[in-house]
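> Sharing run10.txt, compact mmCIF, C-alpha atoms:
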```
# COMPACT_ATOMS: atom_id res chain seq x y z
CA MET A 49 -39.33 -2.21 15.69
CA SER A 50 -42.10 0.07 14.39
CA GLN A 51 -41.89 2.24 17.50
CA PHE A 52 -38.13 2.44 17.13
CA LEU A 53 -38.45 3.53 13.50
CA LYS A 54 -40.85 6.29 14.51
CA THR A 55 -38.28 7.77 16.87
CA TYR A 56 -35.30 7.04 14.67
CA LEU A 57 -36.13 8.18 11.16
CA PRO A 58 -37.15 11.84 11.71
CA PHE A 59 -33.56 12.93 12.18
CA HIS A 60 -31.81 13.09 8.83
CA ASP A 61 -30.16 15.67 6.61
CA GLY A 62 -30.30 13.95 3.25
CA LEU A 63 -30.61 10.61 1.53
CA ALA A 64 -27.35 9.20 2.92
CA SER A 65 -28.32 10.08 6.48
CA ARG A 66 -31.82 8.61 6.02
CA TRP A 67 -30.30 5.38 4.70
CA PHE A 68 -27.89 5.24 7.63
CA CYS A 69 -30.74 5.74 10.11
CA LEU A 70 -32.83 3.01 8.52
CA ARG A 71 -29.91 0.60 8.46
CA GLN A 72 -29.12 1.23 12.12
CA ALA A 73 -32.78 0.81 13.08
CA VAL A 74 -32.85 -2.59 11.39
CA ARG A 75 -29.58 -3.58 13.07
CA ASN A 76 -30.90 -2.52 16.46
CA ALA A 77 -34.08 -4.56 16.04
CA SER A 78 -32.04 -7.65 15.15
CA LYS A 79 -29.73 -7.51 18.17
CA ARG A 80 -30.50 -10.13 20.76
CA ASN A 81 -28.83 -10.86 24.04
CA THR A 82 -27.51 -14.41 24.33
CA GLY A 83 -27.72 -15.26 28.00
CA ARG A 84 -25.57 -12.50 29.45
CA PRO A 85 -26.79 -10.32 32.31
CA VAL A 86 -28.30 -7.05 31.12
CA VAL A 87 -27.60 -3.52 32.28
CA PHE A 88 -30.22 -0.92 31.43
CA LEU A 89 -28.21 2.25 30.90
CA GLU A 90 -29.99 5.58 31.24
CA ALA A 91 -27.15 8.07 30.78
CA THR A 92 -29.10 11.08 29.58
CA ALA A 93 -26.23 13.54 29.96
CA LEU A 94 -23.66 11.58 27.97
CA GLY A 95 -22.87 11.69 24.29
CA ASP A 96 -20.18 10.63 21.80
CA ARG A 97 -17.20 8.83 23.32
CA HIS A 98 -18.32 9.09 26.96
CA LEU A 99 -21.52 7.18 26.22
CA TYR A 100 -19.56 4.55 24.31
CA LEU A 101 -16.93 4.24 27.05
CA LEU A 102 -19.49 3.82 29.82
CA ALA A 103 -21.30 1.17 27.76
CA GLU A 104 -17.98 -0.58 27.11
CA PHE A 105 -17.25 -0.67 30.84
CA PHE A 106 -20.27 -2.92 31.29
CA ILE A 107 -19.61 -4.89 28.10
CA GLN A 108 -16.08 -5.72 29.25
CA ALA A 109 -17.57 -6.87 32.55
CA GLY A 110 -19.74 -9.37 30.66
CA TYR A 111 -23.00 -7.43 30.30
CA PHE A 112 -25.30 -6.73 27.38
CA VAL A 113 -26.20 -3.03 27.35
CA SER A 114 -29.69 -1.71 26.64
CA ILE A 115 -29.65 2.08 26.36
CA VAL A 116 -32.98 3.39 27.64
CA GLY A 117 -35.02 6.35 26.46
CA GLY A 118 -35.40 8.56 23.43
CA ILE A 119 -32.26 8.74 21.36
CA ARG A 120 -30.91 12.26 21.20
CA LYS A 121 -30.68 13.86 17.80
CA GLU A 122 -26.91 14.16 17.82
CA LEU A 123 -26.55 10.38 18.09
CA TYR A 124 -27.84 9.95 14.57
CA TYR A 125 -24.97 11.64 12.87
CA TYR A 126 -22.81 8.95 11.36
CA ARG A 127 -19.94 11.40 10.75
CA ASP A 128 -18.78 11.12 14.37
CA PRO A 129 -16.88 7.83 14.80
CA TYR A 130 -17.78 7.44 18.45
CA TYR A 131 -21.50 7.67 17.77
CA PHE A 132 -20.98 5.07 15.09
CA TYR A 133 -19.19 2.86 17.63
CA VAL A 134 -22.31 2.98 19.81
CA PHE A 135 -24.66 2.07 16.98
CA SER A 136 -22.48 -0.61 15.43
CA SER A 137 -21.69 -2.52 18.63
CA LYS A 138 -23.27 -5.96 18.68
CA ASN A 139 -23.42 -5.68 22.48
CA ILE A 140 -25.57 -2.51 22.61
CA ASN A 141 -29.19 -1.98 21.66
CA PHE A 142 -31.73 0.78 22.26
CA VAL A 143 -35.07 0.44 24.03
CA LYS A 144 -37.76 3.04 24.57
CA GLU A 145 -38.30 1.90 28.16
CA VAL A 146 -37.63 -0.96 30.52
CA GLY A 147 -40.02 -3.79 29.64
CA SER A 148 -42.66 -5.16 31.97
CA GLY A 149 -41.32 -8.72 32.10
CA ASP A 150 -39.10 -10.43 34.64
CA LEU A 151 -35.78 -8.55 34.86
CA GLY A 152 -33.88 -11.39 36.52
CA ASN A 153 -30.46 -10.17 37.65
CA ALA A 154 -30.47 -7.07 35.45
CA LEU A 155 -28.78 -3.88 36.63
CA LEU A 156 -30.10 -0.36 36.25
CA CYS A 157 -27.47 2.36 35.83
CA THR A 158 -29.14 5.75 35.66
CA ASP A 159 -28.46 9.45 36.09
CA ARG A 160 -32.17 10.15 36.63
CA ALA A 161 -34.44 9.78 39.63
CA VAL A 162 -35.91 6.26 39.70
CA PRO A 163 -39.69 5.98 40.19
CA GLY A 164 -40.66 3.80 43.14
CA HIS A 165 -42.37 1.15 41.02
CA GLN A 166 -39.21 0.77 38.92
CA GLU A 167 -36.83 0.75 41.86
CA GLU A 168 -38.55 -2.29 43.31
CA ARG A 169 -38.02 -4.27 40.11
CA PHE A 170 -34.21 -4.14 40.06
CA PRO A 171 -32.07 -6.15 42.47
CA ARG A 172 -29.27 -3.57 42.07
CA ILE A 173 -29.28 0.07 40.97
CA LEU A 174 -26.22 2.16 40.20
CA ARG A 175 -27.08 5.82 40.75
CA LEU A 176 -24.87 7.66 38.28
CA SER A 177 -23.23 11.08 38.44
CA TYR A 178 -20.34 12.67 36.56
CA ASP A 179 -17.36 14.76 37.55
CA ILE A 180 -14.31 16.15 35.86
CA ASP A 181 -12.36 16.09 39.14
CA ILE A 182 -12.47 12.54 40.49
CA ALA A 183 -10.08 12.65 43.44
CA PRO A 184 -11.30 9.80 45.70
CA GLU A 185 -10.73 11.79 48.90
CA ASN A 186 -13.40 14.26 47.73
CA ALA A 187 -15.96 11.67 46.71
CA GLY A 188 -17.22 10.60 50.13
CA ALA A 189 -19.26 7.40 49.87
CA VAL A 190 -19.52 7.65 46.08
CA VAL A 191 -17.65 4.93 44.19
CA ILE A 192 -15.42 6.22 41.37
CA LEU A 193 -15.65 4.08 38.24
CA PRO A 194 -12.27 3.23 36.69
CA TYR A 195 -10.97 5.62 34.06
CA PRO A 196 -11.34 3.88 30.68
CA MET A 197 -8.95 3.16 27.85
CA HIS A 198 -9.30 4.92 24.52
CA PRO A 199 -12.41 3.94 22.50
CA ASN A 200 -10.27 2.57 19.66
CA VAL A 201 -8.77 -0.02 22.03
CA TYR A 202 -12.21 -1.52 22.62
CA LYS A 203 -13.41 -1.12 19.05
CA THR A 204 -10.43 -3.01 17.59
CA GLY A 205 -10.50 -5.80 20.18
CA GLN A 206 -7.07 -5.03 21.60
CA LEU A 207 -7.96 -6.15 25.14
CA ALA A 208 -7.74 -9.78 24.06
CA ARG A 209 -4.06 -9.24 23.27
CA ILE A 210 -3.06 -8.08 26.76
CA PRO A 211 -1.90 -11.49 28.13
CA GLU A 212 0.34 -12.10 25.12
CA LEU A 213 1.67 -8.53 24.94
CA ARG A 214 2.60 -8.53 28.63
CA GLY A 215 5.13 -11.24 27.88
CA ARG A 216 6.97 -9.37 25.14
CA PRO A 217 10.52 -8.11 25.77
CA LYS A 218 10.86 -4.56 27.05
CA THR A 219 13.17 -2.84 24.57
CA VAL A 220 12.45 0.87 25.25
CA GLY A 221 13.60 2.61 28.44
CA VAL A 222 11.08 5.45 28.73
CA PHE A 223 8.41 6.11 26.12
CA PHE A 224 6.01 8.93 25.38
CA ALA A 225 3.55 9.20 22.51
CA GLY A 226 0.89 11.85 22.27
CA ASN A 227 -0.50 14.99 20.76
CA LEU A 228 1.54 18.14 21.41
CA LYS A 229 -0.73 20.78 19.89
CA ASP A 230 -0.74 24.27 21.40
CA GLN A 231 -3.62 23.51 23.78
CA TYR A 232 -1.44 20.90 25.52
CA ALA A 233 0.86 23.72 26.68
CA ARG A 234 -1.88 25.52 28.61
CA THR A 235 -2.33 25.33 32.36
CA THR A 236 -6.02 24.70 32.98
CA ARG A 237 -7.85 25.14 36.28
CA LEU A 238 -7.96 21.41 36.89
CA LEU A 239 -4.24 20.83 36.37
CA ARG A 240 -3.75 22.71 39.66
CA GLY A 241 -0.04 23.27 39.30
CA MET A 242 0.68 20.11 37.28
CA LEU A 243 3.02 20.49 34.35
CA PRO A 244 1.05 20.72 31.11
CA ARG A 245 1.92 17.96 28.67
CA ALA A 246 3.77 20.04 26.07
CA VAL A 247 5.73 21.91 28.77
CA ALA A 248 6.79 18.61 30.35
CA VAL A 249 7.96 17.23 27.00
CA GLN A 250 9.96 20.36 26.23
CA GLY A 251 11.62 20.06 29.63
CA VAL A 252 12.54 16.44 28.94
CA LEU A 253 13.97 17.36 25.53
CA ARG A 254 16.17 20.04 27.11
CA ARG A 255 17.28 18.04 30.15
CA PHE A 256 17.96 14.74 28.38
CA LYS A 257 18.86 15.89 24.87
CA GLU A 258 21.68 13.33 24.62
CA ARG A 259 19.37 10.45 25.51
CA VAL A 260 16.16 11.44 23.74
CA ARG A 261 15.11 9.97 20.41
CA LEU A 262 12.41 12.19 18.91
CA PHE A 263 10.22 10.75 16.15
CA THR A 264 7.68 12.65 14.09
CA THR A 265 6.70 9.91 11.63
CA ARG A 266 5.21 6.50 12.23
CA GLU A 267 7.60 4.82 9.79
CA ALA A 268 10.74 6.14 11.50
CA LEU A 269 9.51 5.05 14.94
CA LEU A 270 8.61 1.51 13.86
CA ARG A 271 11.91 1.12 12.01
CA ALA A 272 13.91 2.23 15.05
CA LEU A 273 11.99 -0.14 17.33
CA ASP A 274 12.87 -3.04 15.04
CA GLU A 275 16.51 -2.14 14.36
CA GLU A 276 17.91 -0.29 17.38
CA ASP A 277 18.59 -0.91 21.06
CA LEU A 278 16.52 1.73 22.87
CA ALA A 279 16.60 0.25 26.38
CA ALA A 280 18.64 3.18 27.72
CA SER A 281 16.79 5.83 25.69
CA ILE A 282 13.85 8.16 26.12
CA VAL A 283 11.69 7.71 23.03
CA VAL A 284 9.31 10.58 22.22
CA PHE A 285 6.77 10.16 19.44
CA ASP A 286 5.10 13.45 18.51
CA ALA A 287 1.62 12.42 17.39
CA THR A 288 0.52 15.95 16.52
CA THR A 289 0.52 15.13 12.82
CA ALA A 290 1.61 11.48 12.72
CA ARG A 291 -0.37 8.53 14.04
CA LEU A 292 0.26 4.92 14.84
CA GLY A 293 -2.31 2.53 13.41
CA ARG A 294 -5.06 1.41 15.77
CA GLU A 295 -3.61 -2.09 15.98
CA GLU A 296 -0.01 -0.86 16.28
CA TRP A 297 -0.43 1.15 19.49
CA PHE A 298 -0.64 -1.70 22.00
CA PRO A 299 2.36 -3.67 20.63
CA VAL A 300 4.50 -0.51 20.68
CA LEU A 301 3.42 0.46 24.19
CA ALA A 302 4.03 -3.10 25.42
CA ARG A 303 7.72 -2.80 24.48
CA SER A 304 8.24 0.06 26.96
CA ARG A 305 9.64 -0.33 30.47
CA PHE A 306 8.21 3.02 31.55
CA PHE A 307 5.63 5.32 29.99
CA LEU A 308 5.32 9.09 30.45
CA ALA A 309 1.59 9.35 31.18
CA LEU A 310 1.35 13.11 30.81
CA PRO A 311 -1.95 14.95 31.41
CA GLY A 312 -4.60 15.83 28.88
CA VAL A 313 -6.14 19.25 28.31
CA VAL A 314 -9.57 19.33 29.94
CA MET A 315 -8.78 16.86 32.70
CA PRO A 316 -5.46 15.44 33.93
CA MET A 317 -6.41 11.78 33.53
CA CYS A 318 -5.40 10.29 30.20
CA HIS A 319 -6.35 6.97 28.58
CA ASN A 320 -2.75 5.97 27.90
CA GLY A 321 -1.81 5.83 31.58
CA VAL A 322 -4.42 3.12 32.12
CA GLU A 323 -3.33 1.30 28.97
CA ALA A 324 0.30 1.39 30.11
CA MET A 325 -0.51 -0.24 33.46
CA ALA A 326 -2.53 -2.95 31.72
CA LEU A 327 0.46 -3.85 29.54
CA GLY A 328 3.13 -3.62 32.23
CA ALA A 329 4.65 -0.30 31.15
CA VAL A 330 5.09 1.44 34.50
CA PRO A 331 3.54 4.93 34.37
CA ILE A 332 5.46 8.08 35.25
CA LEU A 333 2.75 10.60 36.12
CA GLY A 334 1.70 13.58 38.18
CA TYR A 335 -1.86 12.62 39.11
CA GLY A 336 -1.65 9.39 41.08
CA HIS A 337 -4.11 10.91 43.58
CA LEU A 338 -6.90 10.72 40.98
CA PHE A 339 -6.82 6.93 40.81
CA SER A 340 -8.94 4.85 43.16
CA PRO A 341 -7.21 3.49 45.13
CA ARG A 342 -4.45 6.07 44.91
CA LEU A 343 -1.29 5.17 43.00
CA ARG A 344 1.76 5.29 45.27
CA SER A 345 5.12 6.31 43.87
CA GLY A 346 7.60 3.47 44.08
CA ALA A 347 4.79 0.96 44.64
CA VAL A 348 3.01 0.89 41.26
CA CYS A 349 4.30 4.01 39.49
CA LEU A 350 6.83 6.84 39.61
CA GLU A 351 5.24 10.16 40.48
CA TYR A 352 6.38 13.77 40.14
CA ALA A 353 5.03 17.21 41.04
CA SER A 354 7.51 19.53 39.29
CA GLU A 355 9.84 19.62 36.31
CA ALA A 356 12.78 18.77 38.56
CA GLU A 357 10.91 15.80 40.06
CA LEU A 358 9.96 14.61 36.57
CA ALA A 359 13.63 14.61 35.62
CA GLY A 360 14.42 12.72 38.81
CA ALA A 361 11.74 10.12 38.08
CA ILE A 362 13.15 9.57 34.59
CA GLU A 363 16.67 9.18 36.01
CA THR A 364 15.33 6.64 38.49
CA ALA A 365 13.56 4.75 35.71
CA LEU A 366 16.63 4.55 33.48
CA ALA A 367 18.89 3.47 36.35
CA MET A 368 16.54 0.85 37.85
CA ASP A 369 17.92 -2.69 37.96
CA ALA A 370 16.03 -5.67 36.61
CA ALA A 371 14.87 -7.06 39.96
CA ALA A 372 13.48 -3.73 41.17
CA TYR A 373 11.81 -3.10 37.83
CA ASP A 374 10.20 -6.54 37.67
CA GLY A 375 8.68 -6.00 41.10
CA LEU A 376 7.37 -2.54 40.21
CA ARG A 377 5.98 -3.75 36.89
CA GLY A 378 4.27 -6.74 38.51
CA ARG A 379 2.58 -4.55 41.11
CA ALA A 380 1.38 -2.12 38.42
CA MET A 381 -0.24 -4.94 36.44
CA ASP A 382 -1.74 -6.41 39.60
CA HIS A 383 -3.22 -3.01 40.49
CA PHE A 384 -4.87 -2.84 37.08
CA ASP A 385 -6.19 -6.41 37.32
CA ARG A 386 -7.72 -5.92 40.78
CA HIS A 387 -8.94 -2.32 40.70
CA MET A 388 -9.31 -1.17 37.09
CA GLU A 389 -10.29 -4.19 35.01
CA PRO A 390 -14.09 -3.86 34.59
CA ALA A 391 -15.13 -7.43 35.45
CA ALA A 392 -13.04 -7.54 38.63
CA PHE A 393 -14.12 -4.03 39.65
CA LEU A 394 -17.84 -4.66 39.14
CA GLU A 395 -17.70 -8.06 40.85
CA ALA A 396 -16.15 -6.46 43.93
CA LEU A 397 -18.64 -3.57 43.83
CA LEU A 398 -21.68 -5.85 43.69
CA ARG A 399 -20.38 -8.17 46.38
CA GLY A 400 -21.68 -5.82 49.07
CA PRO A 401 -25.25 -5.84 50.38
CA ALA A 402 -26.37 -2.37 49.21
CA ARG A 403 -29.16 -2.35 46.62
CA VAL A 404 -28.56 1.25 45.54
CA ILE A 405 -24.95 2.29 44.98
CA ASP A 406 -23.79 5.80 44.11
CA VAL A 407 -21.18 5.70 41.35
CA ARG A 408 -19.35 8.48 39.53
CA PHE A 409 -18.08 8.34 35.98
CA PRO A 410 -15.06 10.49 35.02
CA ALA A 411 -16.30 12.82 32.30
CA GLU A 412 -15.34 16.25 31.01
CA PHE A 413 -18.16 18.02 32.83
CA VAL A 414 -19.81 18.13 36.25
CA SER A 415 -23.33 16.79 36.76
CA GLU A 416 -25.90 18.79 38.70
CA ALA A 417 -25.89 16.40 41.66
CA VAL A 418 -22.16 16.94 42.10
CA ALA A 419 -22.17 20.69 41.49
CA GLY A 420 -25.07 21.03 43.92
CA GLY A 421 -22.96 19.85 46.83
CA ASN A 422 -23.15 16.07 46.61
CA GLY A 423 -19.43 15.83 45.95
CA THR A 424 -16.82 18.08 44.39
CA ALA A 425 -17.30 20.34 41.44
CA GLY A 426 -13.58 20.60 40.87
```
Write the structure described by the file as C-alpha cells, please.

Amino acid sequence: MSQFLKTYLPFHDGLASRWFCLRQAVRNASKRNTGRPVVFLEATALGDRHLYLLAEFFIQAGYFVSIVGGIRKELYYYRDPYYFYVFSSKNINFVKEVGSGDLGNALLCTDRAVPGHQEERFPRILRLSYDIDIAPENAGAVVILPYPMHPNVYKTGQLARIPELRGRPKTVGVFFAGNLKDQYARTTRLLRGMLPRAVAVQGVLRRFKERVRLFTTREALLRALDEEDLAASIVVFDATTARLGREEWFPVLARSRFFLALPGVVMPMCHNGVEAMALGAVPILGYGHLFSPRLRSGAVCLEYASEAELAGAIETALAMDAAAYDGLRGRAMDHFDRHMEPAAFLEALLRGPARVIDVRFPAEFVSEAVAGGNGTAG
C-alpha cells in the first residue's frame, strides 16, 4: 500500500481531491480477489469510459481485473463519472507491476510489447490494439472484441435483469431514444454515406408524421407507455434535454418490438444497438457490417442504406406478423448470447490453441499498430 500511496497522492488540486485520492488508495489496498481468474490489464492508451468498458468486458466474463502500471494523472479526477466508475468498482484494483508469484490461469491483456521473461509466465496473452473502424473484413486475423453497452448499464447492475425483461410484453412498435444535438446531424468521415442520426430522425418525422409519437419529457413518455396502445406507433424520445433514469432505460427498451439503432457522432456503432439485441428489441440499423459476425438483414435485424430504405424497413417492421417477428427476435437474442455476451465470447476465443491472440477494441481513435499497416486506420 505504501508504494501505491507514493504514486497516488501527488496528483491533487485541493483538499477535496487529496481526500478523494487517499480514500481511493485505501479502497484499492483493501480489494481482494475471491477465487476468480485474474486478467492483468495494461491498456496504456485508454482513459475514461473506454478503460472502464474494457475492464467491464472481463468482469462480465467472470474475471477480476488488475490494472497494471503507473496510474495516469487524469484518472485521479473524481469529477469525471467514468473515472470514478473505475476506482469504485469492487472488481478492479491497481498494481504497479505483475507480481513474481505463480500466475495460475491469469490472462495478460496488453497494448505494449511483452518482455520475453513475462511472456513465458502467462498461459494466454491478448495483444491489444484499438480502432475506430472495426469492420471485420478489414481486420485480417485480428479478433474484434464485442462493442459494449453503455457504462451506466454495468454500473447499475442492469445486466442481471435481462432474463426477466426479455419476457415482458412488447407494447411499442418502433422505438428511438437518443441525443439529437447539432453534432448528430453532421456527416463524418467514418459514416461513409450513412444517414446521420438527426437527419434520419427528421426523415422519419416527415415520412410517418401520422404514426409518430414524439416525446421531449421523461414524464410524458412514461405516462404514454403505461396508458396507451403504441404497438402500431413509432415512438421517438428526444433525449437532447430530457433523460430517462439509469434504471428506467432497460425496462422501456424491453417493451419495444423494434429499435432504431441510429449512428453516433465519432463512430457509427452505438451502445443502444447492442442493448436492444440483448433485450429482444430487433435493431433497425445501417451498420450491420461492423458487427462480428456481420448482422444480416432479415436474419437478426432490419438494415438500410438510404432514407428510402430506412422508411421501407420501418414499414416492414410495423407490418410484420407475430410469427415472423418472434423468429426474428429470437435470432437477434441468440446472436447476442453467442457472439456478444462477454463470457460466451471469451470462452470461445480461449478454446483455441494459440497462446498469443491479437484482439482489437472498438475505441474512438486508432492505435499506432493499426495506423502503421497492421489493419485499417479507417
> With distances taken over all atoms listed in the file, which of A:Ala329, A:Ala324, A:Ala309, A:Ala380 is nearest to Pro244 (chain A)?
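Closest to Pro244 (chain A) of all the choices is A:Ala309.
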> Go ahead and compute the interatomic distance for CA of Met315 (chain A) and CA of Leu193 (chain A), in Å to one decimal.
15.5 Å
> Distance CA of Arg172 (chain A)-CA of Glu412 (chain A), one decimal place?
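Going from CA of Arg172 (chain A) over to CA of Glu412 (chain A), I get 26.6 Å.
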> Suppose you want the space between CA of Arg209 (chain A) and CA of Phe298 (chain A); what is it in Å?
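Result for CA of Arg209 (chain A) versus CA of Phe298 (chain A): 8.4 Å, one decimal.
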> Can I get the residues of region 80-186 of chain A within 7 Å of region 386-409 of chain A, each with the closest pair of atoms and their distance in Å to one decimal, using all atoms listed in the file, sorted chain first then ascending number, as CSV?

```
residue,atom,partner,partner_atom,distance
A:Phe105,CA,A:Pro390,CA,5.9
A:Gln108,CA,A:Pro390,CA,6.0
A:Ala109,CA,A:Ala391,CA,3.8
A:Gly110,CA,A:Ala391,CA,6.9
A:Pro171,CA,A:Arg403,CA,6.3
A:Arg172,CA,A:Arg403,CA,4.7
A:Ile173,CA,A:Val404,CA,4.8
A:Leu174,CA,A:Ile405,CA,4.9
A:Arg175,CA,A:Asp406,CA,4.7
A:Leu176,CA,A:Val407,CA,5.2
A:Ser177,CA,A:Arg408,CA,4.8
A:Tyr178,CA,A:Phe409,CA,4.9
A:Asp179,CA,A:Phe409,CA,6.6
```
> Store the residues picked out above in a file with C-alpha atoms, as an mmCIF file, in the coordinates of the input.

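out.cif written:
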```
data_model
loop_
_atom_site.group_PDB
_atom_site.id
_atom_site.type_symbol
_atom_site.label_atom_id
_atom_site.label_comp_id
_atom_site.auth_asym_id
_atom_site.auth_seq_id
_atom_site.Cartn_x
_atom_site.Cartn_y
_atom_site.Cartn_z
ATOM 1 C CA PHE A 105 -17.250 -0.670 30.840
ATOM 2 C CA GLN A 108 -16.080 -5.720 29.250
ATOM 3 C CA ALA A 109 -17.570 -6.870 32.550
ATOM 4 C CA GLY A 110 -19.740 -9.370 30.660
ATOM 5 C CA PRO A 171 -32.070 -6.150 42.470
ATOM 6 C CA ARG A 172 -29.270 -3.570 42.070
ATOM 7 C CA ILE A 173 -29.280 0.070 40.970
ATOM 8 C CA LEU A 174 -26.220 2.160 40.200
ATOM 9 C CA ARG A 175 -27.080 5.820 40.750
ATOM 10 C CA LEU A 176 -24.870 7.660 38.280
ATOM 11 C CA SER A 177 -23.230 11.080 38.440
ATOM 12 C CA TYR A 178 -20.340 12.670 36.560
ATOM 13 C CA ASP A 179 -17.360 14.760 37.550
#
```
> Which of these residues is nearest to Ser281 (chain A), using all atoms listed in the file: A:Phe263, A:Ser137, A:Leu366, A:Asn320?
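Ranking A:Phe263, A:Ser137, A:Leu366, A:Asn320 by distance to Ser281 (chain A), first place goes to A:Leu366.
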> Pick out the residues sitting within 8 Å of Val322 (chain A), and hand them over as a VMD selection string; count only C-alpha atoms, and ignore anything fewer than 2 positions along from it in its own chain.
chain A and resid 195 to 197 318 to 320 324 to 326 384
> Out of A:Val252, A:Ala356, A:Met317, A:Ala372, which residue has the shortest atom-to-atom distance to Asp181 (chain A) when counting all atoms listed in the file?
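Smallest separation from Asp181 (chain A) among the options: A:Met317.
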> Can you list, as an MDAnalysis selection string, every protein, DNA or RNA residue that comes within 10 Å of region 257-259 of chain A when you count only C-alpha atoms, leaving out same-chain residues fewer than 5 positions away?
chainID A and resid 251:252 278 280:283
> With 10 Å as the threshold, what does the neighbourhood of (-28.0, -2.1, 35.1) contain in terms of residues, counting all atoms listed in the file? Coordinates are those of the file; answer as a PDB file with C-alpha atoms, keeping the file's coordinate frame.

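Heads up, here's the output in part-v4.pdb:
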```
ATOM      1  CA  PRO A  85     -26.790 -10.320  32.310  1.00  0.00           C
ATOM      2  CA  VAL A  86     -28.300  -7.050  31.120  1.00  0.00           C
ATOM      3  CA  VAL A  87     -27.600  -3.520  32.280  1.00  0.00           C
ATOM      4  CA  PHE A  88     -30.220  -0.920  31.430  1.00  0.00           C
ATOM      5  CA  LEU A  89     -28.210   2.250  30.900  1.00  0.00           C
ATOM      6  CA  GLU A  90     -29.990   5.580  31.240  1.00  0.00           C
ATOM      7  CA  PHE A 106     -20.270  -2.920  31.290  1.00  0.00           C
ATOM      8  CA  TYR A 111     -23.000  -7.430  30.300  1.00  0.00           C
ATOM      9  CA  PHE A 112     -25.300  -6.730  27.380  1.00  0.00           C
ATOM     10  CA  VAL A 113     -26.200  -3.030  27.350  1.00  0.00           C
ATOM     11  CA  SER A 114     -29.690  -1.710  26.640  1.00  0.00           C
ATOM     12  CA  ILE A 115     -29.650   2.080  26.360  1.00  0.00           C
ATOM     13  CA  ASN A 153     -30.460 -10.170  37.650  1.00  0.00           C
ATOM     14  CA  ALA A 154     -30.470  -7.070  35.450  1.00  0.00           C
ATOM     15  CA  LEU A 155     -28.780  -3.880  36.630  1.00  0.00           C
ATOM     16  CA  LEU A 156     -30.100  -0.360  36.250  1.00  0.00           C
ATOM     17  CA  CYS A 157     -27.470   2.360  35.830  1.00  0.00           C
ATOM     18  CA  THR A 158     -29.140   5.750  35.660  1.00  0.00           C
ATOM     19  CA  PHE A 170     -34.210  -4.140  40.060  1.00  0.00           C
ATOM     20  CA  PRO A 171     -32.070  -6.150  42.470  1.00  0.00           C
ATOM     21  CA  ARG A 172     -29.270  -3.570  42.070  1.00  0.00           C
ATOM     22  CA  ILE A 173     -29.280   0.070  40.970  1.00  0.00           C
ATOM     23  CA  LEU A 174     -26.220   2.160  40.200  1.00  0.00           C
ATOM     24  CA  ARG A 175     -27.080   5.820  40.750  1.00  0.00           C
TER      25      ARG A 175
END
```
> Which one of A:Asp230, A:Arg160, A:Leu213, A:Leu327 sits closest to Ala93 (chain A) if you count all atoms listed in the file?
A:Arg160
> Choose the residue, out of A:Ala103, A:Val116, A:Val284, A:Leu301, that has the smallest atom-to-atom separation from Val249 (chain A); count only C-alpha atoms.
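Residue with the minimum atom-to-atom distance to Val249 (chain A): A:Val284.
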> Nearest residue to Tyr352 (chain A) out of A:Ala302, A:Leu269, A:Ala371, A:Met242, using all atoms listed in the file?
A:Met242
> Taking 5 positions as the minimum chain separation for residues in the same chain, which residues sit within 9 Å of Glu351 (chain A) when counting only C-alpha atoms? Answer as a tab-separated table (two decimals) with C-alpha atoms, keeping the file's coordinate frame.

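selection02.tsv, written as the output of this step:
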```tsv
chain	number	residue	atom	x	y	z
A	331	PRO	CA	3.54	4.93	34.37
A	332	ILE	CA	5.46	8.08	35.25
A	333	LEU	CA	2.75	10.60	36.12
A	334	GLY	CA	1.70	13.58	38.18
A	335	TYR	CA	-1.86	12.62	39.11
A	336	GLY	CA	-1.65	9.39	41.08
A	343	LEU	CA	-1.29	5.17	43.00
A	344	ARG	CA	1.76	5.29	45.27
A	345	SER	CA	5.12	6.31	43.87
A	346	GLY	CA	7.60	3.47	44.08
A	357	GLU	CA	10.91	15.80	40.06
A	358	LEU	CA	9.96	14.61	36.57
A	361	ALA	CA	11.74	10.12	38.08
```
> Could you tell me, as a list in words, which residues have any atom at most 8 Å from (-9.9, 7.5, 40.4), counting all atoms listed in the file?
Ile182, Ala183, Pro184, Ile192, Leu193, Pro194, Tyr195, His337, Leu338, Phe339, Ser340, Pro341 and Arg342 of chain A
> Pull C-alpha atoms from the residues just selected and write them as an mmCIF file, keeping the file's coordinate frame.

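Saved to selection-v6.cif:
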```cif
data_model
loop_
_atom_site.group_PDB
_atom_site.id
_atom_site.type_symbol
_atom_site.label_atom_id
_atom_site.label_comp_id
_atom_site.auth_asym_id
_atom_site.auth_seq_id
_atom_site.Cartn_x
_atom_site.Cartn_y
_atom_site.Cartn_z
ATOM 1 C CA ILE A 182 -12.470 12.540 40.490
ATOM 2 C CA ALA A 183 -10.080 12.650 43.440
ATOM 3 C CA PRO A 184 -11.300 9.800 45.700
ATOM 4 C CA ILE A 192 -15.420 6.220 41.370
ATOM 5 C CA LEU A 193 -15.650 4.080 38.240
ATOM 6 C CA PRO A 194 -12.270 3.230 36.690
ATOM 7 C CA TYR A 195 -10.970 5.620 34.060
ATOM 8 C CA HIS A 337 -4.110 10.910 43.580
ATOM 9 C CA LEU A 338 -6.900 10.720 40.980
ATOM 10 C CA PHE A 339 -6.820 6.930 40.810
ATOM 11 C CA SER A 340 -8.940 4.850 43.160
ATOM 12 C CA PRO A 341 -7.210 3.490 45.130
ATOM 13 C CA ARG A 342 -4.450 6.070 44.910
#
```
